[in-house]
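Source file: input.cif (mmCIF, C-alpha atoms and all ligand atoms)
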data_work
loop_
_atom_site.label_atom_id
_atom_site.label_comp_id
_atom_site.auth_asym_id
_atom_site.auth_seq_id
_atom_site.Cartn_x
_atom_site.Cartn_y
_atom_site.Cartn_z
CA MET A 12 101.73 137.80 15.08
CA ALA A 13 104.49 139.16 12.89
CA GLU A 14 104.39 142.98 13.20
CA SER A 15 106.54 146.01 12.53
CA ALA A 16 108.68 146.88 15.54
CA GLN A 17 107.84 150.60 15.19
CA VAL A 18 104.07 150.70 15.32
CA PRO A 19 102.36 149.23 18.44
CA THR A 20 99.91 146.77 16.98
CA LEU A 21 99.45 143.95 19.47
CA VAL A 22 96.49 143.15 21.71
CA TYR A 23 97.20 141.24 24.93
CA LEU A 24 94.67 139.82 27.36
CA VAL A 25 95.57 139.12 31.00
CA THR A 26 92.98 137.10 32.91
CA GLY A 27 93.18 137.64 36.67
CA GLY A 28 94.93 140.92 35.89
CA CYS A 29 93.79 142.53 39.14
CA GLY A 30 95.31 139.88 41.37
CA PHE A 31 98.61 139.86 43.24
CA LEU A 32 100.62 138.47 40.29
CA GLY A 33 98.23 139.82 37.64
CA GLU A 34 98.77 143.44 38.65
CA HIS A 35 102.54 143.04 38.36
CA ILE A 36 102.14 141.43 34.93
CA VAL A 37 99.85 144.27 33.75
CA ARG A 38 102.23 146.97 34.96
CA MET A 39 105.29 145.13 33.57
CA LEU A 40 103.64 144.82 30.13
CA LEU A 41 102.86 148.54 30.05
CA GLU A 42 106.45 149.33 31.02
CA ARG A 43 108.30 146.79 28.90
CA GLU A 44 106.23 145.67 25.90
CA PRO A 45 106.58 148.41 23.24
CA ARG A 46 104.47 146.47 20.71
CA LEU A 47 101.30 146.81 22.80
CA ARG A 48 98.37 148.68 21.26
CA GLU A 49 95.72 147.38 23.64
CA LEU A 50 95.96 145.64 27.02
CA ARG A 51 92.78 143.89 28.15
CA VAL A 52 92.50 143.21 31.88
CA PHE A 53 89.89 140.53 32.60
CA ASP A 54 88.93 139.85 36.21
CA LEU A 55 86.00 138.92 38.41
CA HIS A 56 86.89 141.87 40.63
CA LEU A 57 88.24 144.99 38.89
CA SER A 58 90.55 147.18 40.99
CA PRO A 59 90.39 150.99 41.27
CA TRP A 60 94.09 151.35 40.30
CA LEU A 61 93.15 150.31 36.74
CA GLU A 62 91.77 153.80 36.14
CA GLU A 63 95.20 155.41 36.56
CA LEU A 64 96.55 153.14 33.81
CA GLN A 65 94.00 154.33 31.27
CA THR A 66 95.68 157.68 30.69
CA GLY A 67 98.76 156.30 28.92
CA PRO A 68 99.51 155.61 25.23
CA VAL A 69 98.36 151.99 25.44
CA GLN A 70 94.61 151.39 25.47
CA VAL A 71 93.88 149.60 28.77
CA THR A 72 90.49 147.87 28.58
CA ALA A 73 89.05 146.72 31.91
CA ILE A 74 86.69 143.76 31.48
CA GLN A 75 84.72 142.53 34.47
CA GLY A 76 84.05 138.87 33.84
CA ASP A 77 84.10 135.29 35.05
CA VAL A 78 86.34 132.66 33.45
CA THR A 79 83.71 130.03 34.25
CA GLN A 80 81.39 131.78 31.78
CA ALA A 81 82.56 130.67 28.32
CA HIS A 82 80.76 133.43 26.42
CA GLN A 83 82.40 136.13 28.54
CA VAL A 84 85.82 134.60 27.98
CA THR A 85 85.26 134.31 24.22
CA ALA A 86 84.23 137.96 23.99
CA ALA A 87 87.34 139.03 25.91
CA VAL A 88 89.72 136.83 23.89
CA ALA A 89 88.36 137.71 20.43
CA GLY A 90 90.88 139.85 18.54
CA SER A 91 93.76 139.33 20.99
CA HIS A 92 97.18 138.15 19.83
CA VAL A 93 98.34 136.78 23.22
CA VAL A 94 96.46 135.53 26.26
CA ILE A 95 98.18 135.37 29.66
CA HIS A 96 95.87 133.25 31.83
CA THR A 97 96.64 133.87 35.47
CA ALA A 98 93.09 134.01 36.88
CA GLY A 99 92.48 131.37 39.46
CA LEU A 100 91.30 130.48 42.95
CA VAL A 101 94.48 130.26 45.02
CA ASP A 102 92.97 128.61 48.05
CA VAL A 103 94.63 126.20 50.48
CA PHE A 104 92.77 127.58 53.50
CA GLY A 105 89.31 126.18 52.86
CA LYS A 106 87.74 129.45 51.72
CA ALA A 107 86.18 127.92 48.58
CA SER A 108 84.61 124.51 48.01
CA PRO A 109 86.50 121.87 46.00
CA LYS A 110 83.80 122.17 43.35
CA THR A 111 84.32 125.91 43.00
CA ILE A 112 88.09 125.54 42.86
CA HIS A 113 87.68 123.01 40.06
CA GLN A 114 85.16 125.16 38.21
CA VAL A 115 87.42 128.22 38.22
CA ASN A 116 90.83 126.63 37.81
CA VAL A 117 89.97 123.76 35.44
CA GLN A 118 86.76 124.67 33.63
CA GLY A 119 87.89 128.29 33.49
CA THR A 120 91.13 127.24 31.84
CA GLN A 121 89.25 125.01 29.39
CA ASN A 122 87.07 128.02 28.52
CA VAL A 123 90.18 130.10 27.82
CA ILE A 124 91.62 127.39 25.56
CA GLU A 125 88.38 126.97 23.61
CA ALA A 126 88.07 130.75 23.28
CA CYS A 127 91.55 130.89 21.68
CA ILE A 128 90.60 128.08 19.29
CA ARG A 129 87.25 129.65 18.43
CA THR A 130 88.53 133.19 17.86
CA GLY A 131 91.90 132.43 16.23
CA THR A 132 94.19 133.61 19.06
CA GLN A 133 97.46 131.74 18.64
CA PHE A 134 99.47 132.30 21.82
CA LEU A 135 98.46 131.20 25.34
CA ILE A 136 100.66 131.42 28.45
CA TYR A 137 99.28 129.71 31.57
CA THR A 138 100.33 130.50 35.13
CA SER A 139 100.66 127.06 36.61
CA SER A 140 102.38 126.33 39.94
CA MET A 141 105.11 124.37 41.67
CA GLU A 142 102.20 122.60 43.34
CA VAL A 143 101.53 120.72 40.11
CA VAL A 144 104.69 118.81 41.03
CA GLY A 145 104.69 118.88 44.82
CA PRO A 146 105.13 118.52 47.68
CA ASN A 147 103.19 115.29 47.13
CA VAL A 148 100.84 113.56 49.57
CA LYS A 149 103.69 111.30 50.72
CA GLY A 150 105.81 114.23 51.89
CA HIS A 151 108.66 113.38 49.55
CA PRO A 152 111.23 116.21 49.43
CA PHE A 153 112.02 117.88 46.10
CA TYR A 154 115.51 119.23 46.68
CA ARG A 155 116.78 121.72 44.10
CA GLY A 156 115.03 119.82 41.31
CA ASN A 157 114.31 120.93 37.77
CA GLU A 158 111.65 120.42 35.09
CA ASP A 159 113.07 116.96 34.29
CA THR A 160 113.62 115.68 37.83
CA PRO A 161 111.64 112.46 38.41
CA TYR A 162 109.08 112.97 41.20
CA GLU A 163 105.86 111.20 42.15
CA ALA A 164 103.37 114.05 41.67
CA VAL A 165 100.46 112.64 43.68
CA HIS A 166 97.92 115.07 45.14
CA ARG A 167 94.64 114.97 47.05
CA HIS A 168 94.04 118.63 47.87
CA PRO A 169 91.63 120.40 45.48
CA TYR A 170 94.06 123.22 44.70
CA PRO A 171 97.08 121.26 43.41
CA CYS A 172 94.73 118.82 41.69
CA SER A 173 93.06 121.67 39.83
CA LYS A 174 96.37 123.26 38.82
CA ALA A 175 97.69 119.93 37.55
CA LEU A 176 94.56 119.28 35.49
CA ALA A 177 94.55 122.81 34.06
CA GLU A 178 98.23 122.65 33.15
CA GLN A 179 97.64 119.34 31.39
CA LEU A 180 94.79 120.85 29.37
CA VAL A 181 96.98 123.78 28.32
CA LEU A 182 99.93 121.62 27.27
CA GLU A 183 97.71 119.14 25.40
CA ALA A 184 96.12 122.03 23.49
CA ASN A 185 99.49 122.99 22.01
CA GLY A 186 99.36 122.45 18.22
CA ARG A 187 95.55 122.42 17.91
CA LYS A 188 94.33 124.42 14.93
CA VAL A 189 92.76 127.75 15.81
CA ASN A 190 90.12 129.46 13.64
CA GLY A 191 91.99 130.39 10.49
CA GLY A 192 94.05 127.21 10.44
CA LEU A 193 97.18 128.28 12.34
CA PRO A 194 98.45 126.22 15.31
CA LEU A 195 97.78 127.21 18.93
CA VAL A 196 101.09 127.66 20.81
CA THR A 197 100.89 127.18 24.57
CA CYS A 198 103.25 126.98 27.52
CA ALA A 199 102.96 126.84 31.29
CA LEU A 200 105.00 128.69 33.91
CA ARG A 201 105.40 127.13 37.36
CA PRO A 202 106.21 129.72 40.04
CA THR A 203 107.39 128.49 43.41
CA GLY A 204 106.05 130.47 46.40
CA ILE A 205 105.65 133.99 45.09
CA TYR A 206 106.42 136.91 47.41
CA GLY A 207 106.46 140.68 47.00
CA GLU A 208 104.28 143.76 47.05
CA GLY A 209 100.64 142.77 47.52
CA HIS A 210 101.18 139.19 48.80
CA GLN A 211 98.16 138.46 50.97
CA ILE A 212 99.75 135.59 52.93
CA MET A 213 102.68 137.82 53.88
CA ARG A 214 100.12 140.37 55.07
CA ASP A 215 98.44 137.64 57.13
CA PHE A 216 101.74 136.64 58.77
CA TYR A 217 102.47 140.27 59.54
CA ASN A 218 99.08 140.85 61.11
CA GLN A 219 99.40 137.64 63.14
CA GLY A 220 102.74 138.88 64.45
CA LEU A 221 101.23 142.22 65.42
CA ARG A 222 98.46 140.40 67.30
CA PHE A 223 101.11 138.53 69.34
CA GLY A 224 103.07 141.61 70.38
CA GLY A 225 105.49 141.57 67.47
CA ARG A 226 106.25 137.84 67.85
CA LEU A 227 105.84 134.88 65.50
CA PHE A 228 106.44 131.37 66.82
CA ARG A 229 108.55 128.90 64.85
CA ALA A 230 106.58 125.85 63.78
CA ILE A 231 108.89 124.51 61.05
CA PRO A 232 112.57 123.42 61.30
CA ALA A 233 114.94 125.95 59.70
CA SER A 234 116.39 123.05 57.68
CA VAL A 235 113.20 122.61 55.60
CA GLU A 236 113.84 124.69 52.46
CA HIS A 237 110.92 126.17 50.51
CA GLY A 238 111.38 127.72 47.08
CA ARG A 239 110.37 131.37 46.78
CA VAL A 240 110.45 133.76 43.83
CA TYR A 241 109.91 137.53 43.64
CA VAL A 242 106.65 138.58 41.96
CA GLY A 243 108.45 141.05 39.69
CA ASN A 244 110.61 138.28 38.26
CA VAL A 245 107.58 136.05 37.74
CA ALA A 246 105.86 138.90 35.90
CA TRP A 247 109.00 139.46 33.81
CA MET A 248 109.11 135.78 32.84
CA HIS A 249 105.51 136.01 31.63
CA VAL A 250 106.32 139.10 29.53
CA LEU A 251 109.38 137.42 28.04
CA VAL A 252 107.57 134.20 27.17
CA ALA A 253 104.77 136.19 25.51
CA ARG A 254 107.41 138.02 23.45
CA GLU A 255 109.44 134.96 22.41
CA LEU A 256 106.70 132.36 21.95
CA GLU A 257 106.05 133.12 18.27
CA GLN A 258 109.68 133.09 17.16
CA ARG A 259 110.52 130.00 19.23
CA ALA A 260 107.22 128.11 18.94
CA ALA A 261 108.87 124.83 17.96
CA LEU A 262 111.10 124.90 21.05
CA MET A 263 108.76 126.49 23.61
CA GLY A 264 105.35 125.22 22.53
CA GLY A 265 103.94 122.67 24.98
CA GLN A 266 106.74 123.26 27.50
CA VAL A 267 106.71 123.97 31.24
CA TYR A 268 109.15 126.33 32.97
CA PHE A 269 109.76 126.81 36.67
CA CYS A 270 109.87 130.47 37.67
CA TYR A 271 113.05 131.16 39.61
CA ASP A 272 115.46 133.88 40.64
CA LYS A 273 118.26 134.40 43.18
CA SER A 274 116.01 134.41 46.25
CA PRO A 275 117.80 132.36 48.94
CA TYR A 276 116.81 128.84 49.93
CA LYS A 277 115.29 129.06 53.42
CA SER A 278 112.39 127.66 55.40
CA TYR A 279 109.10 129.38 54.64
CA GLU A 280 109.07 131.09 58.02
CA ASP A 281 112.74 132.16 57.98
CA PHE A 282 112.29 133.53 54.47
CA ASN A 283 109.30 135.61 55.57
CA MET A 284 111.42 137.04 58.39
CA GLU A 285 113.77 138.57 55.79
CA PHE A 286 110.98 141.13 55.36
CA LEU A 287 109.07 140.97 58.64
CA GLY A 288 112.21 141.24 60.80
CA PRO A 289 113.22 144.68 59.49
CA CYS A 290 109.60 145.71 60.14
CA GLY A 291 109.81 144.94 63.84
CA LEU A 292 108.70 141.30 64.15
CA ARG A 293 110.69 138.49 65.83
CA LEU A 294 110.55 134.75 65.13
CA ILE A 295 110.65 133.03 68.52
CA GLY A 296 112.63 129.78 68.75
CA THR A 297 115.63 128.41 66.93
CA HIS A 298 113.72 125.10 66.74
CA PRO A 299 109.95 124.47 66.48
CA LEU A 300 108.41 125.38 69.83
CA LEU A 301 106.00 122.45 69.70
CA PRO A 302 106.53 118.79 68.75
CA TYR A 303 105.28 117.90 65.27
CA TRP A 304 102.56 115.58 66.59
CA LEU A 305 101.11 118.47 68.61
CA LEU A 306 101.19 120.75 65.56
CA VAL A 307 99.32 118.05 63.60
CA LEU A 308 96.74 117.90 66.40
CA LEU A 309 96.33 121.69 66.43
CA ALA A 310 96.06 121.80 62.63
CA THR A 311 93.42 119.06 62.75
CA LEU A 312 91.50 120.95 65.43
CA ASN A 313 91.60 124.04 63.20
CA ALA A 314 90.13 122.00 60.35
CA LEU A 315 87.39 120.64 62.66
CA LEU A 316 86.64 124.13 63.94
CA GLN A 317 86.43 125.43 60.36
CA TRP A 318 83.89 122.72 59.55
CA LEU A 319 81.80 123.37 62.70
CA LEU A 320 81.80 127.16 62.28
CA ARG A 321 81.16 127.19 58.51
CA PRO A 322 77.39 127.82 58.85
CA LEU A 323 78.19 130.90 60.96
CA VAL A 324 81.59 132.27 59.94
CA LEU A 325 84.48 131.41 57.62
CA TYR A 326 87.37 130.43 59.92
CA THR A 327 90.55 130.12 57.80
CA PRO A 328 93.71 130.10 59.97
CA LEU A 329 97.18 129.82 58.45
CA LEU A 330 97.69 126.47 60.24
CA ASN A 331 95.74 123.56 58.77
CA PRO A 332 96.77 119.98 57.91
CA TYR A 333 97.65 120.92 54.33
CA THR A 334 99.64 124.06 55.05
CA LEU A 335 101.54 122.28 57.82
CA ALA A 336 102.45 119.40 55.52
CA MET A 337 103.47 121.80 52.74
CA ALA A 338 105.62 123.95 55.01
CA ASN A 339 107.23 120.89 56.52
CA THR A 340 108.38 119.37 53.22
CA THR A 341 111.44 120.63 51.37
CA PHE A 342 110.61 121.87 47.88
CA THR A 343 113.21 123.91 46.02
CA VAL A 344 114.15 124.25 42.38
CA SER A 345 117.47 124.78 40.65
CA THR A 346 117.11 125.15 36.89
CA ASN A 347 118.09 127.28 33.93
CA LYS A 348 115.59 125.95 31.38
CA ALA A 349 113.95 129.36 30.96
CA GLN A 350 117.34 130.92 30.31
CA ARG A 351 118.31 128.23 27.82
CA HIS A 352 114.98 128.36 25.95
CA PHE A 353 114.18 132.06 25.83
CA GLY A 354 117.01 133.97 27.46
CA TYR A 355 115.32 134.62 30.81
CA LYS A 356 117.41 136.28 33.49
CA PRO A 357 115.84 137.69 36.67
CA LEU A 358 115.05 141.38 36.23
CA PHE A 359 115.35 142.02 39.98
CA SER A 360 118.27 140.91 42.13
CA TRP A 361 117.65 139.37 45.55
CA GLU A 362 118.68 142.64 47.17
CA GLU A 363 116.21 144.65 45.06
CA SER A 364 113.43 142.09 45.60
CA LYS A 365 114.03 142.20 49.36
CA ALA A 366 114.16 146.00 49.51
CA ARG A 367 110.95 146.41 47.51
CA THR A 368 109.11 143.87 49.65
CA ILE A 369 110.28 145.45 52.91
CA LEU A 370 109.19 148.88 51.68
CA TRP A 371 105.75 147.42 50.96
CA VAL A 372 105.45 145.72 54.37
CA GLN A 373 106.36 149.04 55.96
CA THR A 374 103.34 150.63 54.28
CA LEU A 375 101.00 148.10 55.89
CA GLU A 376 98.86 149.49 58.67
CA GLY A 377 100.44 149.14 62.09
CA SER A 378 103.96 148.78 60.68
CA ALA A 379 106.42 149.32 63.52
CA ARG A 380 109.03 150.98 61.29
N1 LIG B 1 100.66 133.18 45.06
C1 LIG B 1 101.55 132.21 44.84
O1 LIG B 1 102.44 131.95 45.65
C2 LIG B 1 101.45 131.43 43.58
C3 LIG B 1 100.42 131.63 42.64
N2 LIG B 1 100.40 130.87 41.49
C4 LIG B 1 99.36 131.06 40.49
O2 LIG B 1 99.40 132.40 40.05
C5 LIG B 1 98.09 132.84 39.66
C6 LIG B 1 97.78 134.14 40.36
O3 LIG B 1 97.86 133.89 41.74
P1 LIG B 1 97.79 135.10 42.80
O4 LIG B 1 98.06 136.38 42.10
O5 LIG B 1 98.61 134.70 43.96
O6 LIG B 1 96.26 135.03 43.24
P2 LIG B 1 95.21 136.20 43.44
O7 LIG B 1 94.05 135.58 44.13
O8 LIG B 1 95.84 137.40 44.02
O9 LIG B 1 94.79 136.57 41.92
C7 LIG B 1 93.91 135.77 41.18
C8 LIG B 1 93.00 136.70 40.39
O10 LIG B 1 92.08 135.90 39.65
C9 LIG B 1 90.80 136.48 39.78
N3 LIG B 1 89.75 135.46 39.64
C10 LIG B 1 89.43 134.49 40.54
N4 LIG B 1 88.38 133.80 40.09
C11 LIG B 1 88.04 134.32 38.87
C12 LIG B 1 87.04 134.04 37.92
N5 LIG B 1 86.14 133.06 38.12
N6 LIG B 1 86.99 134.78 36.80
C13 LIG B 1 87.87 135.79 36.60
N7 LIG B 1 88.84 136.12 37.47
C14 LIG B 1 88.92 135.38 38.59
C15 LIG B 1 90.76 137.10 41.17
O11 LIG B 1 89.77 138.11 41.25
C16 LIG B 1 92.18 137.63 41.30
O12 LIG B 1 92.27 138.96 40.86
C17 LIG B 1 97.14 131.70 40.02
O13 LIG B 1 96.80 130.98 38.85
C18 LIG B 1 97.95 130.83 40.99
O14 LIG B 1 97.55 129.49 40.92
C19 LIG B 1 101.38 129.94 41.22
C20 LIG B 1 102.39 129.71 42.12
C21 LIG B 1 102.51 130.44 43.35
C1 LIG B 2 101.40 127.87 60.15
C2 LIG B 2 102.82 127.45 59.81
C3 LIG B 2 102.89 125.92 59.72
C4 LIG B 2 103.30 128.12 58.51
O1 LIG B 2 104.67 127.81 58.31
C5 LIG B 2 102.46 127.67 57.29
C6 LIG B 2 103.00 128.25 55.99
C7 LIG B 2 101.99 128.01 54.83
C8 LIG B 2 100.81 128.97 54.97
C9 LIG B 2 102.73 128.15 53.47
C10 LIG B 2 103.89 127.14 53.36
C11 LIG B 2 104.05 126.81 51.87
C12 LIG B 2 103.07 127.74 51.17
C13 LIG B 2 102.59 127.35 49.78
C14 LIG B 2 103.78 127.20 48.79
O2 LIG B 2 104.47 128.45 48.69
C15 LIG B 2 103.27 126.78 47.41
C16 LIG B 2 102.09 127.54 46.90
C17 LIG B 2 101.89 127.62 45.56
C18 LIG B 2 100.71 128.21 44.98
O3 LIG B 2 100.43 128.04 43.79
C19 LIG B 2 99.78 128.95 45.83
C20 LIG B 2 100.28 129.20 47.24
C21 LIG B 2 101.03 127.99 47.86
C22 LIG B 2 100.04 126.83 48.02
C23 LIG B 2 101.62 128.44 49.24
C24 LIG B 2 100.50 128.74 50.26
C25 LIG B 2 101.03 129.02 51.69
C26 LIG B 2 101.91 127.87 52.18
C27 LIG B 2 101.11 126.59 52.32
#
Please render this file's structure as C-alpha cells.
Amino acid sequence: MAESAQVPTLVYLVTGGCGFLGEHIVRMLLEREPRLRELRVFDLHLSPWLEELQTGPVQVTAIQGDVTQAHQVTAAVAGSHVVIHTAGLVDVFGKASPKTIHQVNVQGTQNVIEACIRTGTQFLIYTSSMEVVGPNVKGHPFYRGNEDTPYEAVHRHPYPCSKALAEQLVLEANGRKVNGGLPLVTCALRPTGIYGEGHQIMRDFYNQGLRFGGRLFRAIPASVEHGRVYVGNVAWMHVLVARELEQRAALMGGQVYFCYDKSPYKSYEDFNMEFLGPCGLRLIGTHPLLPYWLLVLLATLNALLQWLLRPLVLYTPLLNPYTLAMANTTFTVSTNKAQRHFGYKPLFSWEESKARTILWVQTLEGSAR
C-alpha cells in the first residue's frame, strides 16, 4: 500500500458504513485520511445522508449489499487497499434469530476474509466487541482488565458467540497469502459499550423515560461499573489502525485492541444519566427499586411474552434475562495497548464526548430542553 503522501491514491471499504459506528467511521475517514481517493460504503440499508458526502473531493461509492452474499462482498472488496468490517447484527433483544445472527456476523465475516484473499486486498480491520471477552455466563466481574487479563470467556447468547467466532476467524487469517502472494494483515478492535450521536439504545432509554413522565427507575446498583467509550474515539481508533497497519504489520497483525477513552467508570444506568439528566430525565432511586429476584422474574416474563407474541408482533423490551445479567456484572477496561502499539490517544475528551452526546439527545423528538 506504499503511496506518495501528496496524491490521494487509496481505496477504503467500510462494511456497515451506514450504521451507528459506521457513519462515524465514514465521516472521520473523509475528514482525517488525506490519502483517500475512493471511499466505498457497503451496507444492507443505505442512508440518505450518503448523498451529501458525494460532492466532496473523495469519491464516495455507495454499495447496497449483503455480507452474507459472497459474490456481493467480493465485488465490493475488489480493488480496495483497506477493508474496515463493521457490518453486523447487534442484537441482544431477540429481534433476529440465532441462525441469522450467525449468518451475518460469522459467515459474513468469513465472506469478507475470503474476498480479501481472492482479490488481493492486504489490510482488514474488524470491529469486534468487549462481549467476546465478557461478561461471561457465570457473571464473573472483569474489573479494569486489559487485553492480557486472564478471564473465562464462556458465552451462550448468540450475539457474543458470533462475535467471538468472527474475531477468531479474522485473527487466524492474519498472514494468509492474498492473490498476488503478499500476506493478509488483520486486527480486531474491541469497543466496550459505545455511546454518542445516533446510539439507538440511548434513544430507547430516552423514549422510555418520556413515557414515564420524565422518570427512569434504577434497576442496577450504582456500584456495578460498565465500560463505555465515545463513538468518535472508536471511529478514530479504526482510522488510526487502518493508517498504521502497513508500517507496523509485524507488531499489529493478528492483534486485538480494546477501544477506550476517558469516559468515567459508572453503572450503565448512571452513565446514561450523564446525558439524559441534562435533557430533563430523572433516575429514581439511589438503590435498585426492586429486589434482584423480582427483576429476574420480570425479565423472564418479558422473554416468555416475546416468545408468545412473536407470531403477531416483535416485542423487544430493554429488560430481558441477558440484558439484566450484562448490566448487573462489572465489566471495565484499563489499558494502553493501542497507545503503545500505534500511538492511539482519544481524539475527544470526556467533556467533548459528553457535550456532543447531550446536544444530540436534545435534538430527539420530545426533548424537554
Ligand atoms: N453498539 C455498541 O455498543 C457496540 C458495537 N460493536 C460492534 O460495532 C459494529 C457496529 O455496531 P453498531 O454501529 O452499534 O450497529 P448498527 O446496527 O448501528 O450498524 C450495523 C450496520 O451493519 C449493517 N448490516 C447488518 N446486516 C448486514 C448485512 N447482512 N450486510 C450488510 N450490512 C449489514 C446494518 O444495516 C447497519 O448499518 C458491530 O459489528 C458491533 O458488533 C462493538 C461493541 C459495542
Ligand atoms: C433494563 C435495565 C436492566 C438496563 O440497565 C439494561 C441495560 C442493557 C440494555 C445494557 C447493559 C449493557 C449493555 C451492553 C454492553 O454495553 C456491551 C455491548 C456490546 C456490544 O457489542 C453490543 C451492545 C452491548 C451488548 C450492550 C447492549 C445493551 C446492554 C445489554
- Item | Residue neighbourhood Val144 in chain A, 8 Å, only C-alpha atoms, exclusion window fewer than 6 positions, as a ChimeraX atom specification | /A:162-165,175
Among A:Asn347, A:Ser140, A:Gln65, A:Thr160, ligand LIG 1 (chain B) is approached most closely, using all atoms listed in the file, by A:Ser140
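Using only C-alpha atoms and all ligand atoms, we find that the residues with an atom at most 7 Å from any atom of ligand LIG 2 (chain B) are Val101, Val103, Ser140, Met141, Glu142, Thr203, Gly204, Ile205, Ile212, Ala230, Ile231, Arg239, Tyr279, Glu280, Leu329, Leu330, Tyr333, Thr334, Leu335, Met337 and Ala338 of chain A.
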Shortest contact to Gln266 in chain A, candidates A:Gly186, A:Gly225, A:Pro169, A:Gly150, atoms counted all atoms listed in the file, goes to A:Gly186
With a cut-off of 7 Å, could you pull out the residues of chain A touching ligand LIG 1 (chain B) and give me the nearest pair of atoms for each, distance in Å to one decimal, using all atoms listed in the file, ordered by chain and ascending number, as a Markdown table?
| residue | atom | partner | partner_atom | distance |
| --- | --- | --- | --- | --- |
| A:Thr26 | CA | B:LIG1 | N7 | 6.2 |
| A:Gly27 | CA | B:LIG1 | O10 | 3.6 |
| A:Gly28 | CA | B:LIG1 | O12 | 6.0 |
| A:Cys29 | CA | B:LIG1 | O12 | 4.2 |
| A:Gly30 | CA | B:LIG1 | O12 | 3.2 |
| A:Phe31 | CA | B:LIG1 | O4 | 3.7 |
| A:Leu32 | CA | B:LIG1 | O4 | 3.8 |
| A:Gly33 | CA | B:LIG1 | O4 | 5.6 |
| A:Phe53 | CA | B:LIG1 | C13 | 6.5 |
| A:Asp54 | CA | B:LIG1 | N7 | 3.9 |
| A:Leu55 | CA | B:LIG1 | C13 | 4.1 |
| A:His56 | CA | B:LIG1 | O11 | 4.8 |
| A:Gly76 | CA | B:LIG1 | C13 | 5.6 |
| A:Asp77 | CA | B:LIG1 | N6 | 3.4 |
| A:Val78 | CA | B:LIG1 | N6 | 4.0 |
| A:Thr79 | CA | B:LIG1 | N5 | 5.5 |
| A:Thr97 | CA | B:LIG1 | O13 | 4.4 |
| A:Ala98 | CA | B:LIG1 | O10 | 3.5 |
| A:Gly99 | CA | B:LIG1 | O13 | 4.4 |
| A:Leu100 | CA | B:LIG1 | C10 | 5.0 |
| A:Val101 | CA | B:LIG1 | O14 | 5.2 |
| A:Val115 | CA | B:LIG1 | N5 | 5.0 |
| A:Gly119 | CA | B:LIG1 | N5 | 6.9 |
| A:Thr138 | CA | B:LIG1 | O13 | 5.2 |
| A:Ser139 | CA | B:LIG1 | C19 | 5.5 |
| A:Ser140 | CA | B:LIG1 | C19 | 4.0 |
| A:Met141 | CA | B:LIG1 | C20 | 6.0 |
| A:Lys174 | CA | B:LIG1 | O14 | 6.7 |
| A:Arg201 | CA | B:LIG1 | C20 | 6.2 |
| A:Pro202 | CA | B:LIG1 | C20 | 4.3 |
| A:Thr203 | CA | B:LIG1 | C21 | 5.3 |
| A:Gly204 | CA | B:LIG1 | O1 | 4.0 |
| A:Ile205 | CA | B:LIG1 | O1 | 3.8 |
| A:Tyr206 | CA | B:LIG1 | O1 | 6.6 |
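Minimum atom-to-atom distances from A:Tyr23, A:Tyr326, A:Tyr170, A:Phe359 to Tyr271 in chain A were compared using only C-alpha atoms, and the lowest value belongs to A:Phe359.
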CA of Ser58 in chain A sits from CA of Asn283 in chain A at a separation of 26.4 Å
>> When you look at Phe153 in chain A with a cut-off of 7 Å (counting all atoms listed in the file), what residues show up, excluding the ones that are within fewer than 5 positions of it in the same chain? I need them as a list in words.
In response: Thr341, Phe342 and Thr343 of chain A
>> Which residues are near Leu200 in chain A? Cut-off 8 Å, only C-alpha atoms, ignore same chain within fewer than 4 positions. Put them as a ChimeraX atom specification.
In response: /A:136-140,249,267-270
Nearest to Glu42 in chain A among A:Ala246, A:Cys172, A:Ala184, A:Leu57, with distances taken over only C-alpha atoms: which residue is it?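 Among the listed residues, the smallest separation from Glu42 in chain A belongs to A:Ala246.
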Review point. Near Trp361 in chain A, counting only C-alpha atoms, which residues have an atom at most 9 Å away, once you skip same-chain residues fewer than 4 positions from it, shown as number ranges by chain?
Key: A: 241, 272-275, 365-366
Around range 362-378 of chain A, with edges along x, y and z and 4 Å added on all six sides, what centre and edge lengths do you get, in Å to one decimal, as JSON?
{"center_x": 108.8, "center_y": 146.4, "center_z": 53.6, "size_x": 27.8, "size_y": 16.5, "size_z": 25.0}
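For the set A:Thr66, A:Ala310, A:Leu251, A:Ala233, the residue with the smallest atom-to-atom gap to Arg43 in chain A is A:Leu251, counting only C-alpha atoms.
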query = What gap, in Å, lies between CA of Thr340 in chain A and CA of His151 in chain A?
reply =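 Taking CA of Thr340 in chain A and CA of His151 in chain A, their separation equals 7.0 Å.
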- prompt: Which distance in Å separates CA of Thr111 in chain A and CA of Gly264 in chain A, to one decimal?
  reply: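 Straight-line distance from CA of Thr111 in chain A to CA of Gly264 in chain A works out to 29.4 Å.
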(request) Determine, counting only C-alpha atoms, which protein, DNA and RNA residues have an atom within 7 Å of an atom of Leu195 in chain A; residues of the same chain fewer than 6 positions away are not included. Present the result as a PyMOL selection string. (result) chain A and resi 133-134+185-189
Open item on the list: Under the rule that all atoms listed in the file are counted, which of A:Gln211, A:Gln219, A:Thr85, A:Ser364 is the nearest residue to Asn122 in chain A?
Closed with: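 Closest to Asn122 in chain A of all the choices is A:Thr85.
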Save range 90-95 of chain A of the structure in the block above to a file, with N, CA and C atoms included, as a JSON list (two decimals), in the first residue's frame.
[["chain", "number", "residue", "atom", "x", "y", "z"],
["A", 90, "GLY", "N", -10.15, -4.38, -5.53],
["A", 90, "GLY", "CA", -9.51, -3.09, -5.83],
["A", 90, "GLY", "C", -9.33, -2.20, -4.62],
["A", 91, "SER", "N", -9.80, -2.64, -3.45],
["A", 91, "SER", "CA", -9.62, -1.80, -2.24],
["A", 91, "SER", "C", -8.28, -2.12, -1.60],
["A", 92, "HIS", "N", -7.73, -1.11, -0.91],
["A", 92, "HIS", "CA", -6.45, -1.30, -0.20],
["A", 92, "HIS", "C", -6.72, -1.73, 1.25],
["A", 93, "VAL", "N", -7.80, -1.20, 1.84],
["A", 93, "VAL", "CA", -8.13, -1.46, 3.25],
["A", 93, "VAL", "C", -9.63, -1.76, 3.37],
["A", 94, "VAL", "N", -9.94, -2.76, 4.14],
["A", 94, "VAL", "CA", -11.34, -3.06, 4.47],
["A", 94, "VAL", "C", -11.54, -2.87, 5.97],
["A", 95, "ILE", "N", -12.52, -2.04, 6.32],
["A", 95, "ILE", "CA", -12.95, -1.91, 7.73],
["A", 95, "ILE", "C", -14.31, -2.58, 7.82]]
